[in-house]
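Text of the file structure.txt, holding compact mmCIF, C-alpha atoms:
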# COMPACT_ATOMS: atom_id res chain seq x y z
CA GLN Y 1 15.08 12.14 6.13
CA LYS Y 2 12.13 10.05 5.00
CA GLU Y 3 12.79 6.33 4.72
CA VAL Y 4 11.40 6.13 1.19
CA GLU Y 5 11.41 9.20 -1.03
CA GLN Y 6 9.83 9.85 -4.38
CA ASN Y 7 9.41 12.98 -6.43
CA SER Y 8 5.75 13.87 -6.07
CA GLY Y 9 5.55 15.19 -9.60
CA PRO Y 10 3.40 15.68 -11.45
CA LEU Y 11 5.42 14.08 -14.22
CA SER Y 12 4.06 14.53 -17.70
CA VAL Y 13 5.22 12.58 -20.74
CA PRO Y 14 3.81 12.39 -24.27
CA GLU Y 15 2.15 9.22 -25.45
CA GLY Y 16 4.70 6.71 -26.71
CA ALA Y 17 7.57 8.12 -24.65
CA ILE Y 18 9.43 6.44 -21.81
CA ALA Y 19 8.33 7.46 -18.34
CA SER Y 20 10.98 7.20 -15.65
CA LEU Y 21 9.98 7.11 -12.00
CA ASN Y 22 12.54 7.15 -9.23
CA CYS Y 23 12.63 6.16 -5.60
CA THR Y 24 15.41 6.36 -3.00
CA TYR Y 25 15.50 4.63 0.35
CA SER Y 26 17.54 5.16 3.47
CA ASP Y 27 17.87 1.66 4.98
CA ARG Y 28 20.88 0.06 3.32
CA GLY Y 29 19.77 -3.37 4.55
CA SER Y 30 16.49 -3.30 2.63
CA GLN Y 31 15.97 -6.40 0.53
CA SER Y 32 12.59 -6.23 -1.19
CA PHE Y 33 11.20 -3.48 -3.38
CA PHE Y 34 7.82 -3.00 -4.97
CA TRP Y 35 6.02 -0.69 -7.35
CA TYR Y 36 2.31 -0.09 -7.06
CA ARG Y 37 0.04 1.77 -9.44
CA GLN Y 38 -2.91 3.69 -8.05
CA TYR Y 39 -5.59 5.20 -10.23
CA SER Y 40 -7.48 8.15 -8.84
CA GLY Y 41 -10.08 6.99 -6.32
CA LYS Y 42 -8.89 3.39 -6.48
CA SER Y 43 -6.64 1.24 -4.32
CA PRO Y 44 -2.97 0.46 -5.03
CA GLU Y 45 -2.27 -2.41 -7.41
CA LEU Y 46 1.02 -4.29 -7.32
CA ILE Y 47 2.77 -4.12 -10.69
CA MET Y 48 6.41 -5.07 -10.03
CA SER Y 49 8.58 -6.67 -7.37
CA ILE Y 50 12.37 -6.66 -7.46
CA TYR Y 51 14.86 -8.19 -5.08
CA SER Y 52 18.24 -8.26 -6.84
CA ASN Y 53 20.44 -5.60 -8.33
CA GLY Y 54 19.84 -4.99 -11.99
CA ASP Y 55 16.82 -4.86 -14.24
CA LYS Y 56 13.60 -6.82 -14.21
CA GLU Y 57 11.29 -6.55 -17.17
CA ASP Y 58 7.57 -7.30 -17.39
CA GLY Y 59 5.94 -6.21 -20.60
CA ARG Y 60 6.29 -2.45 -20.95
CA PHE Y 61 7.53 -2.12 -17.37
CA THR Y 62 11.14 -2.38 -16.22
CA ALA Y 63 12.18 -2.10 -12.61
CA GLN Y 64 15.80 -1.21 -11.89
CA LEU Y 65 17.49 -1.72 -8.55
CA ASN Y 66 20.84 -0.35 -7.42
CA LYS Y 67 21.45 -1.28 -3.79
CA ALA Y 68 24.83 0.45 -3.63
CA SER Y 69 23.20 3.77 -4.52
CA GLN Y 70 20.00 2.91 -2.67
CA TYR Y 71 17.59 3.64 -5.44
CA VAL Y 72 14.96 1.78 -7.36
CA SER Y 73 13.32 3.02 -10.52
CA LEU Y 74 10.44 2.10 -12.77
CA LEU Y 75 10.55 2.65 -16.50
CA ILE Y 76 7.38 2.54 -18.55
CA ARG Y 77 8.03 2.16 -22.25
CA ASP Y 78 5.59 3.25 -24.94
CA SER Y 79 3.58 5.16 -22.34
CA GLN Y 80 -0.17 5.19 -22.84
CA PRO Y 81 -2.81 7.56 -21.47
CA SER Y 82 -4.08 4.59 -19.46
CA ASP Y 83 -0.76 4.64 -17.57
CA SER Y 84 -1.75 7.97 -16.03
CA ALA Y 85 -1.85 7.24 -12.31
CA THR Y 86 0.10 7.68 -9.11
CA TYR Y 87 2.98 5.24 -8.72
CA LEU Y 88 3.97 4.20 -5.22
CA CYS Y 89 7.34 2.78 -4.31
CA ALA Y 90 7.38 0.39 -1.34
CA VAL Y 91 10.33 -1.08 0.52
CA LYS Y 92 10.68 -3.89 3.04
CA THR Y 93 13.19 -2.31 5.40
CA ARG Y 94 15.48 -4.28 7.64
CA GLY Y 95 13.89 -2.95 10.82
CA SER Y 96 10.33 -3.91 10.03
CA ALA Y 97 8.71 -7.26 10.77
CA ARG Y 98 6.23 -7.68 7.93
CA GLN Y 99 5.43 -4.10 7.06
CA LEU Y 100 6.30 -2.20 3.94
CA THR Y 101 7.32 1.43 3.96
CA PHE Y 102 5.64 3.38 1.20
CA GLY Y 103 6.78 6.49 -0.55
CA SER Y 104 4.33 9.30 -1.06
CA GLY Y 105 3.97 8.51 -4.75
CA THR Y 106 4.68 10.14 -8.09
CA GLN Y 107 1.75 11.33 -10.16
CA LEU Y 108 2.24 10.48 -13.83
CA THR Y 109 0.24 11.99 -16.67
CA VAL Y 110 0.62 10.63 -20.19
CA LEU Y 111 -0.52 13.21 -22.71
CA PRO Y 112 -2.27 11.95 -25.87
CA ASP C 113 -5.63 -14.29 -7.93
CA VAL C 114 -5.50 -12.78 -4.49
CA LYS C 115 -8.76 -11.25 -3.55
CA VAL C 116 -9.21 -8.81 -0.71
CA THR C 117 -12.68 -7.45 -0.14
CA GLN C 118 -13.90 -4.66 2.09
CA SER C 119 -17.41 -4.40 3.43
CA SER C 120 -18.27 -0.98 2.04
CA ARG C 121 -16.96 1.29 -0.70
CA TYR C 122 -18.53 4.39 0.79
CA LEU C 123 -19.66 5.04 4.34
CA VAL C 124 -21.09 8.12 6.02
CA LYS C 125 -21.21 8.20 9.80
CA ARG C 126 -21.91 10.79 12.45
CA THR C 127 -19.46 12.07 15.01
CA GLY C 128 -19.38 9.81 18.07
CA GLU C 129 -20.69 6.71 16.31
CA LYS C 130 -18.88 3.40 16.59
CA VAL C 131 -17.77 2.32 13.13
CA PHE C 132 -16.79 -1.14 11.95
CA LEU C 133 -14.81 -1.68 8.76
CA GLU C 134 -14.49 -5.27 7.65
CA CYS C 135 -11.84 -6.86 5.47
CA VAL C 136 -11.79 -10.41 4.14
CA GLN C 137 -9.05 -12.15 2.13
CA ASP C 138 -9.33 -15.48 0.39
CA MET C 139 -5.65 -16.43 -0.02
CA ASP C 140 -4.98 -17.90 3.40
CA HIS C 141 -2.59 -15.02 4.16
CA GLU C 142 -1.17 -14.75 7.64
CA ASN C 143 -0.60 -11.00 7.58
CA MET C 144 -3.26 -8.34 7.31
CA PHE C 145 -2.95 -4.56 7.46
CA TRP C 146 -5.10 -1.47 7.83
CA TYR C 147 -4.00 1.83 6.33
CA ARG C 148 -5.52 5.21 5.87
CA GLN C 149 -4.65 7.39 2.93
CA ASP C 150 -5.03 11.14 2.90
CA PRO C 151 -3.96 13.68 0.26
CA GLY C 152 -0.42 14.84 0.90
CA LEU C 153 0.13 12.32 3.70
CA GLY C 154 0.38 9.11 1.73
CA LEU C 155 -0.36 5.70 3.14
CA ARG C 156 -0.18 5.46 6.91
CA LEU C 157 -0.28 2.16 8.76
CA ILE C 158 -2.85 1.99 11.53
CA TYR C 159 -2.61 -1.61 12.73
CA PHE C 160 -1.48 -4.94 11.41
CA SER C 161 -1.89 -8.56 12.40
CA TYR C 162 0.40 -11.50 11.70
CA ASP C 163 -1.81 -14.20 13.16
CA VAL C 164 -5.27 -14.82 14.51
CA LYS C 165 -5.88 -12.81 17.68
CA MET C 166 -2.50 -11.08 17.27
CA LYS C 167 -2.19 -7.39 16.54
CA GLU C 168 0.52 -4.78 16.37
CA LYS C 169 0.22 -1.01 16.39
CA GLY C 170 1.29 0.83 13.33
CA ASP C 171 2.20 4.47 13.01
CA ILE C 172 -1.17 6.01 13.87
CA PRO C 173 -3.21 3.65 16.11
CA GLU C 174 -4.82 6.35 18.25
CA GLY C 175 -8.61 6.31 18.01
CA TYR C 176 -8.69 2.88 16.40
CA SER C 177 -8.80 -0.74 17.48
CA VAL C 178 -8.77 -3.99 15.53
CA SER C 179 -10.03 -7.52 15.80
CA ARG C 180 -8.88 -10.70 14.13
CA GLU C 181 -10.91 -13.66 15.27
CA LYS C 182 -10.51 -15.64 12.05
CA LYS C 183 -7.53 -15.86 9.74
CA GLU C 184 -9.36 -14.46 6.74
CA ARG C 185 -11.02 -11.52 8.48
CA PHE C 186 -9.53 -8.35 9.94
CA SER C 187 -11.77 -5.64 11.33
CA LEU C 188 -10.97 -2.01 12.03
CA ILE C 189 -13.03 -0.30 14.70
CA LEU C 190 -13.41 3.41 15.25
CA GLU C 191 -14.58 3.56 18.84
CA SER C 192 -16.02 7.06 18.59
CA ALA C 193 -15.77 8.50 15.12
CA SER C 194 -14.45 12.01 14.72
CA THR C 195 -14.32 14.30 11.70
CA ASN C 196 -10.53 13.94 11.49
CA GLN C 197 -11.05 10.25 10.76
CA THR C 198 -12.66 11.11 7.44
CA SER C 199 -10.36 9.30 5.03
CA MET C 200 -9.86 6.45 2.58
CA TYR C 201 -9.28 3.22 4.51
CA LEU C 202 -7.36 0.46 2.81
CA CYS C 203 -6.96 -3.13 3.91
CA ALA C 204 -4.12 -5.30 2.62
CA SER C 205 -2.87 -8.82 3.12
CA SER C 206 0.38 -10.68 2.56
CA SER C 207 1.71 -14.19 2.84
CA GLY C 208 3.45 -15.37 5.98
CA THR C 209 6.30 -16.87 3.97
CA SER C 210 9.50 -15.37 5.33
CA THR C 211 10.82 -13.94 2.05
CA VAL C 212 7.52 -12.88 0.54
CA TYR C 213 6.34 -9.41 1.43
CA GLU C 214 4.04 -8.36 -1.41
CA GLN C 215 0.88 -6.78 -0.10
CA TYR C 216 -2.42 -6.97 -1.93
CA PHE C 217 -4.99 -4.29 -1.33
CA GLY C 218 -8.73 -4.31 -1.12
CA PRO C 219 -10.79 -1.70 -3.00
CA GLY C 220 -10.88 0.70 -0.07
CA THR C 221 -13.61 2.29 2.00
CA ARG C 222 -14.11 6.01 1.74
CA LEU C 223 -15.39 7.06 5.14
CA THR C 224 -16.94 10.43 5.78
CA VAL C 225 -17.63 11.47 9.36
CA THR C 226 -20.01 14.40 9.70

Let me see the structure of the file written as structure tokens.
Amino acid sequence: QKEVEQNSGPLSVPEGAIASLNCTYSDRGSQSFFWYRQYSGKSPELIMSIYSNGDKEDGRFTAQLNKASQYVSLLIRDSQPSDSATYLCAVKTRGSARQLTFGSGTQLTVLP
Amino acid sequence: DVKVTQSSRYLVKRTGEKVFLECVQDMDHENMFWYRQDPGLGLRLIYFSYDVKMKEKGDIPEGYSVSREKKERFSLILESASTNQTSMYLCASSSGTSTVYEQYFGPGTRLTVT
């Protein structure tokens, strides 16, 4: 079992819809969770961090964390074509010193 | 804003050459990381450093070495480049604060070894 798992997609949503991206992790002691956005040919860009159970909102983005079920999700409201990218989930696992464990990413396409 | 820069966006080298990839961060971060990213394989950690002159192997250190002589600079060295090292190389940095783990990435270097 991979430590951090994401559906690779591709996930397609129409413009204006809510895009829902999911990530599960295996280390129950993980404390810090991150979402990165990566446009094709570019480097990952940090868009959200979440540390506590519940929701965290930033503009059109909402991160949701459920430690009991070991999943973290990212919701993108009012999706725009410019949101089309690969979204990487990253987790600070208990066993690592300073490293993050990255999922393989979910490719999102927002259709105009 | 955190700024991480990498010496080259694109690099073409020949098999057997020694290759140096440079990374510089301007946020006084203690931790620096080198990854490679390949289609279908995701981000893989090559080496990281949590202090000057300190280094730790990541998941795929074979064929690579690193150097950190100054806090802001972390170099990745391919001792003898091979075609299977053709990849996107990404540098990242993070604060040394114990509860802060966000990593910030440089723009990446796309290396082609022919």

Practice item. Tell me which protein, DNA and RNA residues are within 8 Å of Y:Asp55, counting all atoms listed in the file, leaving out same-chain ones fewer than 4 positions away, and put them as a list in words. Key: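 After dropping sequence-adjacent residues, the list is Thr62, Ala63, Gln64 and Leu65 of chain Y.
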
**Study point:** Closest of Y:Ser43, Y:Asn66, Y:Thr101, Y:Ser79 to chain C - atom-to-atom distances counting only C-alpha atoms
**Key:**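 For chain C, the nearest of the candidates is Y:Ser43.
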
For a quick test of understanding: name the residues of chain C lying within 7 Å of chain Y when counting all atoms listed in the file, and present them as a tab-separated table (two decimals) with C-alpha atoms, in the coordinates of the input.
chain	number	residue	atom	x	y	z
C	154	GLY	CA	0.38	9.11	1.73
C	155	LEU	CA	-0.36	5.70	3.14
C	213	TYR	CA	6.34	-9.41	1.43
C	216	TYR	CA	-2.42	-6.97	-1.93
C	217	PHE	CA	-4.99	-4.29	-1.33
C	218	GLY	CA	-8.73	-4.31	-1.12
C	219	PRO	CA	-10.79	-1.70	-3.00
C	220	GLY	CA	-10.88	0.70	-0.07

Practice item. Determine, counting all atoms listed in the file, every residue of protein, DNA or RNA that lies within 9 Å of (2.3, -13.0, 4.0) in the file coordinates, then give the result as an MDAnalysis selection string. Key: (chainID Y and resid 98) or (chainID C and resid 140:144 162 205:215)

Check your understanding: So how far away is atom CA of C:Ser161 from atom CA of C:Tyr176, in Å?
Key -> 13.9 Å
